[in-house]
file structure.cif (mmCIF, C-alpha atoms)
data_coords
#
loop_
_atom_site.label_atom_id
_atom_site.label_comp_id
_atom_site.auth_asym_id
_atom_site.auth_seq_id
_atom_site.Cartn_x
_atom_site.Cartn_y
_atom_site.Cartn_z
CA MET A 1 0.00 0.00 0.00
CA SER A 2 1.34 3.37 -0.92
CA LEU A 3 1.15 6.40 1.32
CA VAL A 4 -1.59 8.24 -0.50
CA GLU A 5 -3.61 5.34 -1.90
CA THR A 6 -5.95 3.85 0.66
CA PRO A 7 -7.70 0.49 0.20
CA LEU A 8 -11.00 2.34 0.08
CA MET A 9 -9.82 4.39 -2.88
CA LYS A 10 -8.84 1.26 -4.73
CA SER A 11 -12.23 -0.33 -4.07
CA LEU A 12 -14.00 2.82 -5.19
CA ALA A 13 -12.00 2.84 -8.40
CA ARG A 14 -13.09 -0.74 -9.08
CA TYR A 15 -16.67 0.22 -8.30
CA LEU A 16 -16.49 3.09 -10.80
CA ASP A 17 -14.99 0.76 -13.43
CA VAL A 18 -17.81 -1.76 -13.13
CA THR A 19 -20.43 1.02 -13.10
CA ALA A 20 -18.98 2.64 -16.22
CA TYR A 21 -18.89 -0.75 -17.93
CA ARG A 22 -22.55 -1.34 -17.15
CA GLN A 23 -23.41 2.11 -18.47
CA GLY A 24 -21.68 1.11 -21.71
CA VAL A 25 -23.80 -2.03 -21.99
CA VAL A 26 -26.94 0.03 -21.37
CA SER A 27 -26.05 2.56 -24.07
CA ALA A 28 -25.36 -0.29 -26.50
CA ASN A 29 -28.87 -1.58 -25.77
CA ILE A 30 -30.32 1.88 -26.34
CA ALA A 31 -28.36 2.25 -29.58
CA ASN A 32 -29.90 -1.00 -30.81
CA LEU A 33 -33.46 -0.09 -29.89
CA ASP A 34 -34.63 -0.76 -33.45
CA THR A 35 -32.18 -3.41 -34.63
CA PRO A 36 -34.09 -6.53 -35.67
CA GLY A 37 -33.00 -9.62 -33.74
CA TYR A 38 -30.94 -7.72 -31.15
CA ARG A 39 -31.27 -9.07 -27.59
CA ALA A 40 -30.92 -6.74 -24.59
CA ARG A 41 -27.83 -7.52 -22.53
CA ASP A 42 -26.77 -6.68 -19.02
CA ILE A 43 -24.18 -7.63 -16.41
CA ASN A 44 -24.82 -9.04 -12.95
CA PHE A 45 -23.61 -5.97 -11.08
CA GLN A 46 -23.19 -7.50 -7.62
CA GLN A 47 -21.36 -10.53 -8.96
CA GLU A 48 -19.06 -8.52 -11.24
CA LEU A 49 -18.26 -6.04 -8.47
CA ASN A 50 -17.33 -8.86 -6.11
CA LYS A 51 -15.13 -10.37 -8.81
CA ALA A 52 -13.44 -7.01 -9.43
CA LEU A 53 -12.83 -6.47 -5.70
CA GLU A 54 -11.43 -9.95 -5.17
CA ALA A 55 -8.87 -9.56 -7.95
CA PRO A 56 -7.81 -5.90 -7.66
CA ASP A 57 -5.03 -6.13 -10.23
CA ALA A 58 -6.87 -7.99 -12.98
CA PRO A 59 -8.58 -5.83 -15.63
CA VAL A 60 -12.29 -5.33 -15.25
CA ALA A 61 -13.82 -7.68 -17.80
CA PRO A 62 -17.46 -8.33 -16.99
CA ARG A 63 -19.43 -10.77 -19.07
CA PRO A 64 -22.61 -9.20 -20.47
CA GLN A 65 -25.39 -11.69 -20.82
CA GLU A 66 -28.76 -11.73 -22.48
CA VAL A 67 -31.47 -10.49 -20.12
CA PRO A 68 -34.08 -13.23 -19.64
CA GLY A 69 -37.81 -12.64 -19.37
CA LEU A 70 -38.07 -9.52 -21.52
CA LEU A 71 -40.95 -9.05 -23.91
CA GLU A 72 -39.81 -9.79 -27.43
CA ARG A 73 -41.11 -7.78 -30.37
CA PRO A 74 -42.11 -9.52 -33.58
CA ASP A 75 -38.77 -8.56 -35.16
CA GLY A 76 -36.88 -10.49 -32.47
CA ASN A 77 -35.69 -7.38 -30.61
CA SER A 78 -36.04 -7.50 -26.82
CA VAL A 79 -34.87 -4.01 -25.78
CA SER A 80 -37.30 -2.29 -23.42
CA MET A 81 -37.04 1.49 -23.54
CA ASP A 82 -38.34 1.86 -19.97
CA ARG A 83 -35.93 -0.65 -18.51
CA GLU A 84 -32.93 0.88 -20.24
CA GLY A 85 -33.96 4.44 -19.40
CA LEU A 86 -34.29 3.52 -15.75
CA LEU A 87 -30.96 1.69 -15.72
CA LEU A 88 -29.27 4.63 -17.43
CA ALA A 89 -30.39 7.01 -14.69
CA GLN A 90 -29.68 4.53 -11.91
CA THR A 91 -26.17 3.71 -13.12
CA GLN A 92 -25.38 7.37 -13.54
CA LEU A 93 -26.39 8.06 -9.94
CA GLN A 94 -24.26 5.13 -8.79
CA PHE A 95 -21.32 6.65 -10.64
CA THR A 96 -21.96 10.07 -9.09
CA THR A 97 -22.02 8.48 -5.64
CA GLY A 98 -18.74 6.70 -6.30
CA VAL A 99 -17.08 9.90 -7.50
CA ALA A 100 -18.34 11.84 -4.46
CA LEU A 101 -16.97 9.20 -2.08
CA LEU A 102 -13.64 9.15 -3.90
CA ARG A 103 -13.38 12.92 -3.70
CA SER A 104 -14.10 12.96 0.02
CA GLU A 105 -11.44 10.30 0.53
CA LEU A 106 -8.92 12.40 -1.39
CA LYS A 107 -9.92 15.43 0.63
CA ARG A 108 -9.25 13.55 3.84
CA ILE A 109 -5.74 12.67 2.71
CA SER A 110 -5.12 16.20 1.56
CA MET A 111 -6.28 17.41 4.99
CA ALA A 112 -3.87 15.03 6.68
CA ILE A 113 -1.02 16.37 4.54
CA GLN A 114 -1.83 20.00 5.22
CA GLU A 115 -2.45 19.56 8.94
CA ASP A 116 1.13 20.55 9.62
CA LYS A 117 1.07 23.82 7.71
CA GLY A 118 -0.98 25.83 10.17
CA GLN A 119 1.56 25.61 12.94
CA MET B 1 -15.33 -0.13 -22.58
CA ASN B 2 -14.39 3.36 -21.48
CA LEU B 3 -16.72 6.32 -21.25
CA PHE B 4 -15.68 7.65 -24.63
CA GLY B 5 -16.54 4.28 -26.15
CA MET B 6 -20.03 4.72 -24.74
CA MET B 7 -20.39 7.98 -26.61
CA GLU B 8 -19.18 6.37 -29.82
CA VAL B 9 -21.84 3.67 -29.54
CA SER B 10 -24.60 6.23 -28.96
CA ALA B 11 -23.28 8.42 -31.76
CA SER B 12 -23.54 5.52 -34.21
CA ALA B 13 -27.20 5.21 -33.24
CA LEU B 14 -27.76 8.95 -33.75
CA GLY B 15 -26.43 8.62 -37.29
CA ALA B 16 -28.54 5.57 -38.04
CA GLU B 17 -31.74 7.13 -36.69
CA ARG B 18 -31.09 10.25 -38.71
CA VAL B 19 -30.81 8.22 -41.90
CA ARG B 20 -34.08 6.52 -40.97
CA ALA B 21 -35.77 9.90 -40.49
CA GLU B 22 -34.35 11.11 -43.82
CA VAL B 23 -35.71 8.08 -45.65
CA VAL B 24 -39.14 8.56 -44.05
CA THR B 25 -39.27 12.24 -44.98
CA SER B 26 -38.23 11.42 -48.52
CA ASN B 27 -41.10 8.90 -48.64
CA LEU B 28 -43.53 11.56 -47.43
CA ALA B 29 -42.20 14.18 -49.84
CA ASN B 30 -42.61 11.81 -52.76
CA ALA B 31 -46.04 10.49 -51.80
CA GLU B 32 -47.45 11.88 -55.06
CA SER B 33 -44.43 11.55 -57.37
CA THR B 34 -45.47 9.72 -60.50
CA ARG B 35 -42.17 10.17 -62.33
CA THR B 36 -38.67 9.05 -61.33
CA PRO B 37 -35.36 8.91 -63.23
CA GLU B 38 -35.63 5.09 -63.34
CA GLY B 39 -39.17 5.35 -64.67
CA GLY B 40 -42.55 4.71 -63.08
CA PRO B 41 -43.82 6.13 -59.79
CA TYR B 42 -41.60 6.67 -56.72
CA LYS B 43 -41.10 3.52 -54.67
CA ARG B 44 -41.27 3.58 -50.89
CA ARG B 45 -37.91 3.01 -49.16
CA GLU B 46 -37.13 1.49 -45.83
CA VAL B 47 -33.94 1.23 -43.75
CA VAL B 48 -32.56 -2.00 -42.29
CA PHE B 49 -30.53 -1.67 -39.08
CA ALA B 50 -27.81 -4.08 -38.03
CA ALA B 51 -25.74 -4.31 -34.87
CA GLN B 52 -22.21 -3.18 -35.55
CA ARG B 53 -18.96 -4.63 -34.35
CA PRO B 54 -16.88 -2.19 -32.31
CA SER B 55 -14.52 -0.02 -34.34
CA PHE B 56 -10.87 -0.94 -34.70
CA ALA B 57 -9.69 1.94 -32.51
CA LEU B 58 -12.07 0.94 -29.74
CA SER B 59 -11.10 -2.74 -29.88
CA LEU B 60 -7.42 -1.85 -29.83
CA ALA B 61 -7.85 0.41 -26.81
CA SER B 62 -9.73 -2.25 -24.91
CA ALA B 63 -7.25 -4.97 -25.89
CA GLY B 64 -4.48 -2.72 -24.59
CA ALA B 65 -6.31 -2.43 -21.28
CA GLY B 66 -6.51 -6.23 -21.17
CA GLY B 67 -10.28 -6.39 -21.33
CA ARG B 68 -12.70 -7.94 -23.72
CA ASP B 69 -15.07 -5.53 -25.34
CA ALA B 70 -18.21 -7.58 -25.66
CA GLY B 71 -20.37 -4.76 -24.35
CA SER B 72 -19.99 -2.23 -27.11
CA THR B 73 -22.20 -2.81 -30.10
CA GLY B 74 -23.15 0.24 -32.05
CA VAL B 75 -25.66 0.23 -34.85
CA ARG B 76 -25.41 0.96 -38.54
CA VAL B 77 -27.74 1.20 -41.50
CA ARG B 78 -27.08 -2.06 -43.31
CA ASP B 79 -29.32 -1.40 -46.26
CA VAL B 80 -32.00 0.84 -47.67
CA VAL B 81 -34.51 -1.48 -49.30
CA THR B 82 -37.17 -0.57 -51.81
CA ASP B 83 -40.72 -1.61 -51.08
CA THR B 84 -41.91 -3.88 -53.89
CA THR B 85 -45.66 -3.63 -53.31
CA SER B 86 -47.56 -2.62 -56.43
CA PRO B 87 -48.38 1.07 -56.89
CA LEU B 88 -51.79 2.58 -56.16
CA VAL B 89 -53.72 3.05 -59.35
CA LYS B 90 -56.12 5.95 -59.75
CA TYR B 91 -58.34 6.81 -62.69
CA GLU B 92 -57.23 10.25 -63.91
CA PRO B 93 -57.43 10.38 -67.71
CA SER B 94 -56.28 14.01 -67.91
CA HIS B 95 -53.03 13.30 -66.02
CA PRO B 96 -49.93 13.44 -68.27
CA ASP B 97 -48.68 10.13 -66.81
CA ALA B 98 -51.95 8.28 -67.37
CA ASN B 99 -51.70 5.06 -69.36
CA ALA B 100 -53.80 4.25 -72.39
CA ASP B 101 -56.80 3.35 -70.19
CA GLY B 102 -56.57 6.60 -68.20
CA PHE B 103 -55.05 5.10 -65.03
CA VAL B 104 -52.16 6.76 -63.17
CA ALA B 105 -49.79 4.78 -60.92
CA TYR B 106 -49.11 6.56 -57.62
CA PRO B 107 -46.55 5.49 -54.97
CA ASN B 108 -48.02 3.13 -52.36
CA ILE B 109 -47.32 5.38 -49.37
CA ASN B 110 -49.49 5.58 -46.28
CA PRO B 111 -48.76 8.86 -44.48
CA VAL B 112 -49.91 7.40 -41.14
CA ASN B 113 -47.31 4.62 -41.33
CA GLU B 114 -44.61 7.07 -42.29
CA LEU B 115 -45.44 9.50 -39.51
CA ALA B 116 -45.46 6.70 -36.93
CA ASP B 117 -42.05 5.61 -38.19
CA LEU B 118 -40.80 9.20 -38.01
CA MET B 119 -41.99 9.46 -34.42
CA GLY B 120 -40.21 6.22 -33.56
CA ALA B 121 -36.98 7.53 -35.08
CA SER B 122 -37.28 10.81 -33.22
CA ARG B 123 -37.93 9.09 -29.86
CA ALA B 124 -34.99 6.75 -30.36
CA TYR B 125 -32.85 9.77 -31.22
CA GLU B 126 -33.85 11.50 -27.98
CA MET B 127 -33.12 8.36 -26.00
CA ASN B 128 -29.61 8.19 -27.41
CA ILE B 129 -29.09 11.88 -26.69
CA SER B 130 -29.91 11.08 -23.05
CA ALA B 131 -27.29 8.33 -23.09
CA ILE B 132 -24.70 10.74 -24.50
CA THR B 133 -25.60 13.34 -21.88
CA ALA B 134 -25.16 10.72 -19.17
CA ALA B 135 -21.73 9.73 -20.54
CA LYS B 136 -20.73 13.39 -20.78
CA GLN B 137 -21.69 14.05 -17.19
CA MET B 138 -19.78 10.99 -16.02
CA ILE B 139 -16.65 12.17 -17.83
CA GLN B 140 -17.12 15.64 -16.37
CA GLN B 141 -17.41 14.20 -12.88
CA SER B 142 -14.26 12.14 -13.37
CA ILE B 143 -12.41 15.29 -14.35
CA GLU B 144 -13.69 17.04 -11.27
CA ILE B 145 -11.93 14.51 -9.06
CA LEU B 146 -8.77 16.37 -10.04
CA LYS B 147 -10.00 19.69 -8.77
#

call {"tool": "encode", "arguments": {"input": "structure.cif", "output": "structure tokens"}}
result
Amino acid sequence: MSLVETPLMKSLARYLDVTAYRQGVVSANIANLDTPGYRARDINFQQELNKALEAPDAPVAPRPQEVPGLLERPDGNSVSMDREGLLLAQTQLQFTTGVALLRSELKRISMAIQEDKGQ
Amino acid sequence: MNLFGMMEVSASALGAERVRAEVVTSNLANAESTRTPEGGPYKRREVVFAAQRPSFALSLASAGAGGRDAGSTGVRVRDVVTDTTSPLVKYEPSHPDANADGFVAYPNINPVNELADLMGASRAYEMNISAITAAKQMIQQSIEILK
């Protein structure tokens, strides 16, 4: 562990990675809203986050899978606009939370460094 | 996939939806065209979308980061097909394009169908704009960590 990188920061970085990846999968679904035969995909967030936290040095490589139980249109497309819109907003908020926590952690370290200056 | 890759995916969809809207408006504009350079009345056109493999630059970036890039599939217009249904025939003997029996062939275009398609394209466009806005805000937030 380095001086300025706390374990929490590392975990938060992994959290942000998985969140950003999921957001990418969601935007791919939205992009293919009208592609015949396209199946909506998603990652198991909890599972992928655990995997990313357990192996902190391995690259984040989640496995997007077809979402089961979605209504399929006659052209074979299973993207639901409501589901994706909701996930888009939710994932963005998750990302915002992660960034806010990371910033407060950095602030804490910066405070610890500057503590000495006042005296 | 990084956040910029997300924007690239959504941008591909913006382009594809715009082509779709263009094709629909051209159908509407030519709803009464009885003459075309290739002869006969205008024929209704339709776009075919296909999922797109990630671009070379994106795949290279993700391979460099050691990750697989199964998540990023943009969309592209694979084809613009011509509707082959027979034209609408109206009896207008005074029309310059009337045949010997006085019938004129008009394009088989239903404005209601076209407008519904146009609305679909416009909604999908908006949805992708939302995705781009989300990606933009996430990038902005990441930059603000530095401040």

call {"tool": "closest_residue", "arguments": {"input": "structure.cif", "among": "B:Asn99, B:Gln137, B:Asn128, B:Asn108", "to": "Asp34 of chain A", "atoms": "only C-alpha atoms"}}
result
B:Asn128

call {"tool": "interface_residues", "arguments": {"input": "structure.cif", "of": "chain B", "to": "chain A", "cutoff": "10 Å", "atoms": "all atoms listed in the file", "output": "ChimeraX atom specification"}}
result
/B:1-14,16-17,48-52,62,65-77,120-121,123-125,127-128,130-132,134-135,137-139,141-147

call {"tool": "closest_residue", "arguments": {"input": "structure.cif", "among": "A:Val4, A:Leu86, A:Leu101, A:Leu70", "to": "Arg39 of chain A", "atoms": "all atoms listed in the file"}}
result
A:Leu70

call {"tool": "atom_distance", "arguments": {"input": "structure.cif", "atom1": "atom CA of Glu105 of chain A", "atom2": "atom CA of Gln47 of chain A"}}
result
24.9 Å

call {"tool": "atom_distance", "arguments": {"input": "structure.cif", "atom1": "atom CA of Ser122 of chain B", "atom2": "atom CA of Arg45 of chain B"}}
result
17.8 Å

call {"tool": "resolve_selection", "arguments": {"input": "structure.cif", "expression": "the PyMOL selection byres ((chain B and resi 80) around 9)", "output": "list of chain:residue names"}}
result
B:Val23, B:Arg45, B:Glu46, B:Val47, B:Val48, B:Val77, B:Arg78, B:Asp79, B:Val81, B:Thr82

call {"tool": "write_last_selection", "arguments": {"input": "structure.cif", "atoms": "C-alpha atoms", "output": "JSON list (two decimals), in the coordinates of the input"}}
result
[["chain", "number", "residue", "atom", "x", "y", "z"],
["B", 23, "VAL", "CA", -35.71, 8.08, -45.65],
["B", 45, "ARG", "CA", -37.91, 3.01, -49.16],
["B", 46, "GLU", "CA", -37.13, 1.49, -45.83],
["B", 47, "VAL", "CA", -33.94, 1.23, -43.75],
["B", 48, "VAL", "CA", -32.56, -2.00, -42.29],
["B", 77, "VAL", "CA", -27.74, 1.20, -41.50],
["B", 78, "ARG", "CA", -27.08, -2.06, -43.31],
["B", 79, "ASP", "CA", -29.32, -1.40, -46.26],
["B", 81, "VAL", "CA", -34.51, -1.48, -49.30],
["B", 82, "THR", "CA", -37.17, -0.57, -51.81]]

call {"tool": "resolve_selection", "arguments": {"input": "structure.cif", "expression": "the PyMOL selection byres ((chain B and resi 109) around 7)", "output": "list in words"}}
result
Ala31, Arg44, Pro107, Asn108, Asn110 and Pro111 of chain B

call {"tool": "resolve_selection", "arguments": {"input": "structure.cif", "expression": "the PyMOL selection byres ((chain B and resi 106) around 9)", "output": "number ranges by chain"}}
result
B: 31-34, 40-42, 87-90, 104-105, 107-109

call {"tool": "atom_distance", "arguments": {"input": "structure.cif", "atom1": "atom CA of Asn44 of chain A", "atom2": "atom CA of Thr19 of chain A"}}
result
11.0 Å

call {"tool": "axis_aligned_box", "arguments": {"input": "structure.cif", "around": "segment 5-11 of chain A", "padding_each_side": "5 Å", "output": "lines of an AutoDock Vina configuration file"}}
result
center_x = -7.9
center_y = 2.5
center_z = -2.0
size_x = 18.6
size_y = 15.7
size_z = 15.4

call {"tool": "decode", "arguments": {"input": "structure.cif", "residues": "segment 51-86 of chain A", "atoms": "N, CA and C atoms", "output": "mmCIF file, in the first residue's frame"}}
result
data_model
loop_
_atom_site.group_PDB
_atom_site.id
_atom_site.type_symbol
_atom_site.label_atom_id
_atom_site.label_comp_id
_atom_site.auth_asym_id
_atom_site.auth_seq_id
_atom_site.Cartn_x
_atom_site.Cartn_y
_atom_site.Cartn_z
ATOM 1 N N LYS A 51 -16.257 -9.811 -8.056
ATOM 2 C CA LYS A 51 -15.132 -10.370 -8.806
ATOM 3 C C LYS A 51 -14.019 -9.318 -8.935
ATOM 4 N N ALA A 52 -14.420 -8.071 -9.242
ATOM 5 C CA ALA A 52 -13.436 -7.007 -9.426
ATOM 6 C C ALA A 52 -12.720 -6.689 -8.111
ATOM 7 N N LEU A 53 -13.443 -6.793 -6.994
ATOM 8 C CA LEU A 53 -12.832 -6.473 -5.696
ATOM 9 C C LEU A 53 -11.903 -7.594 -5.239
ATOM 10 N N GLU A 54 -12.258 -8.821 -5.602
ATOM 11 C CA GLU A 54 -11.427 -9.955 -5.173
ATOM 12 C C GLU A 54 -10.092 -9.978 -5.910
ATOM 13 N N ALA A 55 -10.111 -9.570 -7.175
ATOM 14 C CA ALA A 55 -8.866 -9.557 -7.950
ATOM 15 C C ALA A 55 -8.550 -8.119 -8.344
ATOM 16 N N PRO A 56 -7.956 -7.342 -7.431
ATOM 17 C CA PRO A 56 -7.811 -5.899 -7.658
ATOM 18 C C PRO A 56 -6.861 -5.548 -8.801
ATOM 19 N N ASP A 57 -5.996 -6.497 -9.206
ATOM 20 C CA ASP A 57 -5.029 -6.133 -10.230
ATOM 21 C C ASP A 57 -5.425 -6.625 -11.619
ATOM 22 N N ALA A 58 -6.423 -7.516 -11.672
ATOM 23 C CA ALA A 58 -6.872 -7.993 -12.977
ATOM 24 C C ALA A 58 -7.728 -6.911 -13.625
ATOM 25 N N PRO A 59 -7.722 -6.826 -14.981
ATOM 26 C CA PRO A 59 -8.579 -5.825 -15.630
ATOM 27 C C PRO A 59 -10.064 -6.161 -15.423
ATOM 28 N N VAL A 60 -10.846 -5.120 -15.406
ATOM 29 C CA VAL A 60 -12.288 -5.327 -15.246
ATOM 30 C C VAL A 60 -12.842 -5.856 -16.566
ATOM 31 N N ALA A 61 -13.299 -7.086 -16.560
ATOM 32 C CA ALA A 61 -13.820 -7.680 -17.799
ATOM 33 C C ALA A 61 -15.113 -8.415 -17.514
ATOM 34 N N PRO A 62 -16.186 -7.664 -17.269
ATOM 35 C CA PRO A 62 -17.462 -8.329 -16.993
ATOM 36 C C PRO A 62 -17.969 -9.065 -18.235
ATOM 37 N N ARG A 63 -18.887 -9.958 -17.996
ATOM 38 C CA ARG A 63 -19.431 -10.775 -19.071
ATOM 39 C C ARG A 63 -20.895 -10.383 -19.271
ATOM 40 N N PRO A 64 -21.201 -9.564 -20.262
ATOM 41 C CA PRO A 64 -22.608 -9.197 -20.467
ATOM 42 C C PRO A 64 -23.401 -10.398 -20.977
ATOM 43 N N GLN A 65 -24.564 -10.568 -20.403
ATOM 44 C CA GLN A 65 -25.393 -11.692 -20.818
ATOM 45 C C GLN A 65 -26.778 -11.220 -21.233
ATOM 46 N N GLU A 66 -27.418 -12.046 -22.027
ATOM 47 C CA GLU A 66 -28.764 -11.733 -22.481
ATOM 48 C C GLU A 66 -29.693 -11.657 -21.271
ATOM 49 N N VAL A 67 -30.548 -10.630 -21.249
ATOM 50 C CA VAL A 67 -31.469 -10.490 -20.124
ATOM 51 C C VAL A 67 -32.671 -11.402 -20.359
ATOM 52 N N PRO A 68 -32.943 -12.333 -19.435
ATOM 53 C CA PRO A 68 -34.083 -13.228 -19.641
ATOM 54 C C PRO A 68 -35.403 -12.555 -19.252
ATOM 55 N N GLY A 69 -36.479 -13.063 -19.794
ATOM 56 C CA GLY A 69 -37.809 -12.640 -19.369
ATOM 57 C C GLY A 69 -38.281 -11.306 -19.908
ATOM 58 N N LEU A 70 -37.613 -10.785 -20.949
ATOM 59 C CA LEU A 70 -38.074 -9.525 -21.520
ATOM 60 C C LEU A 70 -39.056 -9.818 -22.646
ATOM 61 N N LEU A 71 -39.974 -8.893 -22.835
ATOM 62 C CA LEU A 71 -40.947 -9.052 -23.912
ATOM 63 C C LEU A 71 -40.242 -8.887 -25.256
ATOM 64 N N GLU A 72 -40.478 -9.840 -26.137
ATOM 65 C CA GLU A 72 -39.810 -9.788 -27.430
ATOM 66 C C GLU A 72 -40.758 -9.246 -28.495
ATOM 67 N N ARG A 73 -40.272 -8.314 -29.294
ATOM 68 C CA ARG A 73 -41.106 -7.775 -30.366
ATOM 69 C C ARG A 73 -41.122 -8.757 -31.532
ATOM 70 N N PRO A 74 -42.042 -8.580 -32.464
ATOM 71 C CA PRO A 74 -42.106 -9.521 -33.584
ATOM 72 C C PRO A 74 -40.809 -9.591 -34.390
ATOM 73 N N ASP A 75 -40.013 -8.518 -34.388
ATOM 74 C CA ASP A 75 -38.768 -8.563 -35.164
ATOM 75 C C ASP A 75 -37.612 -9.194 -34.390
ATOM 76 N N GLY A 76 -37.916 -9.784 -33.208
ATOM 77 C CA GLY A 76 -36.879 -10.487 -32.465
ATOM 78 C C GLY A 76 -36.066 -9.596 -31.542
ATOM 79 N N ASN A 77 -36.415 -8.308 -31.473
ATOM 80 C CA ASN A 77 -35.694 -7.375 -30.611
ATOM 81 C C ASN A 77 -36.319 -7.383 -29.213
ATOM 82 N N SER A 78 -35.483 -7.413 -28.171
ATOM 83 C CA SER A 78 -36.043 -7.496 -26.817
ATOM 84 C C SER A 78 -35.661 -6.302 -25.950
ATOM 85 N N VAL A 79 -35.262 -5.176 -26.577
ATOM 86 C CA VAL A 79 -34.870 -4.008 -25.785
ATOM 87 C C VAL A 79 -36.115 -3.285 -25.293
ATOM 88 N N SER A 80 -36.184 -3.051 -23.980
ATOM 89 C CA SER A 80 -37.298 -2.290 -23.416
ATOM 90 C C SER A 80 -36.812 -0.884 -23.099
ATOM 91 N N MET A 81 -37.459 0.095 -23.709
ATOM 92 C CA MET A 81 -37.043 1.485 -23.535
ATOM 93 C C MET A 81 -37.112 1.904 -22.072
ATOM 94 N N ASP A 82 -38.161 1.459 -21.371
ATOM 95 C CA ASP A 82 -38.340 1.856 -19.969
ATOM 96 C C ASP A 82 -37.229 1.293 -19.100
ATOM 97 N N ARG A 83 -36.964 0.002 -19.307
ATOM 98 C CA ARG A 83 -35.931 -0.650 -18.506
ATOM 99 C C ARG A 83 -34.587 0.035 -18.713
ATOM 100 N N GLU A 84 -34.238 0.297 -19.956
ATOM 101 C CA GLU A 84 -32.932 0.882 -20.241
ATOM 102 C C GLU A 84 -32.846 2.319 -19.735
ATOM 103 N N GLY A 85 -33.947 3.063 -19.886
ATOM 104 C CA GLY A 85 -33.959 4.442 -19.401
ATOM 105 C C GLY A 85 -33.746 4.498 -17.897
ATOM 106 N N LEU A 86 -34.411 3.599 -17.209
ATOM 107 C CA LEU A 86 -34.293 3.519 -15.747
ATOM 108 C C LEU A 86 -32.863 3.155 -15.352
#
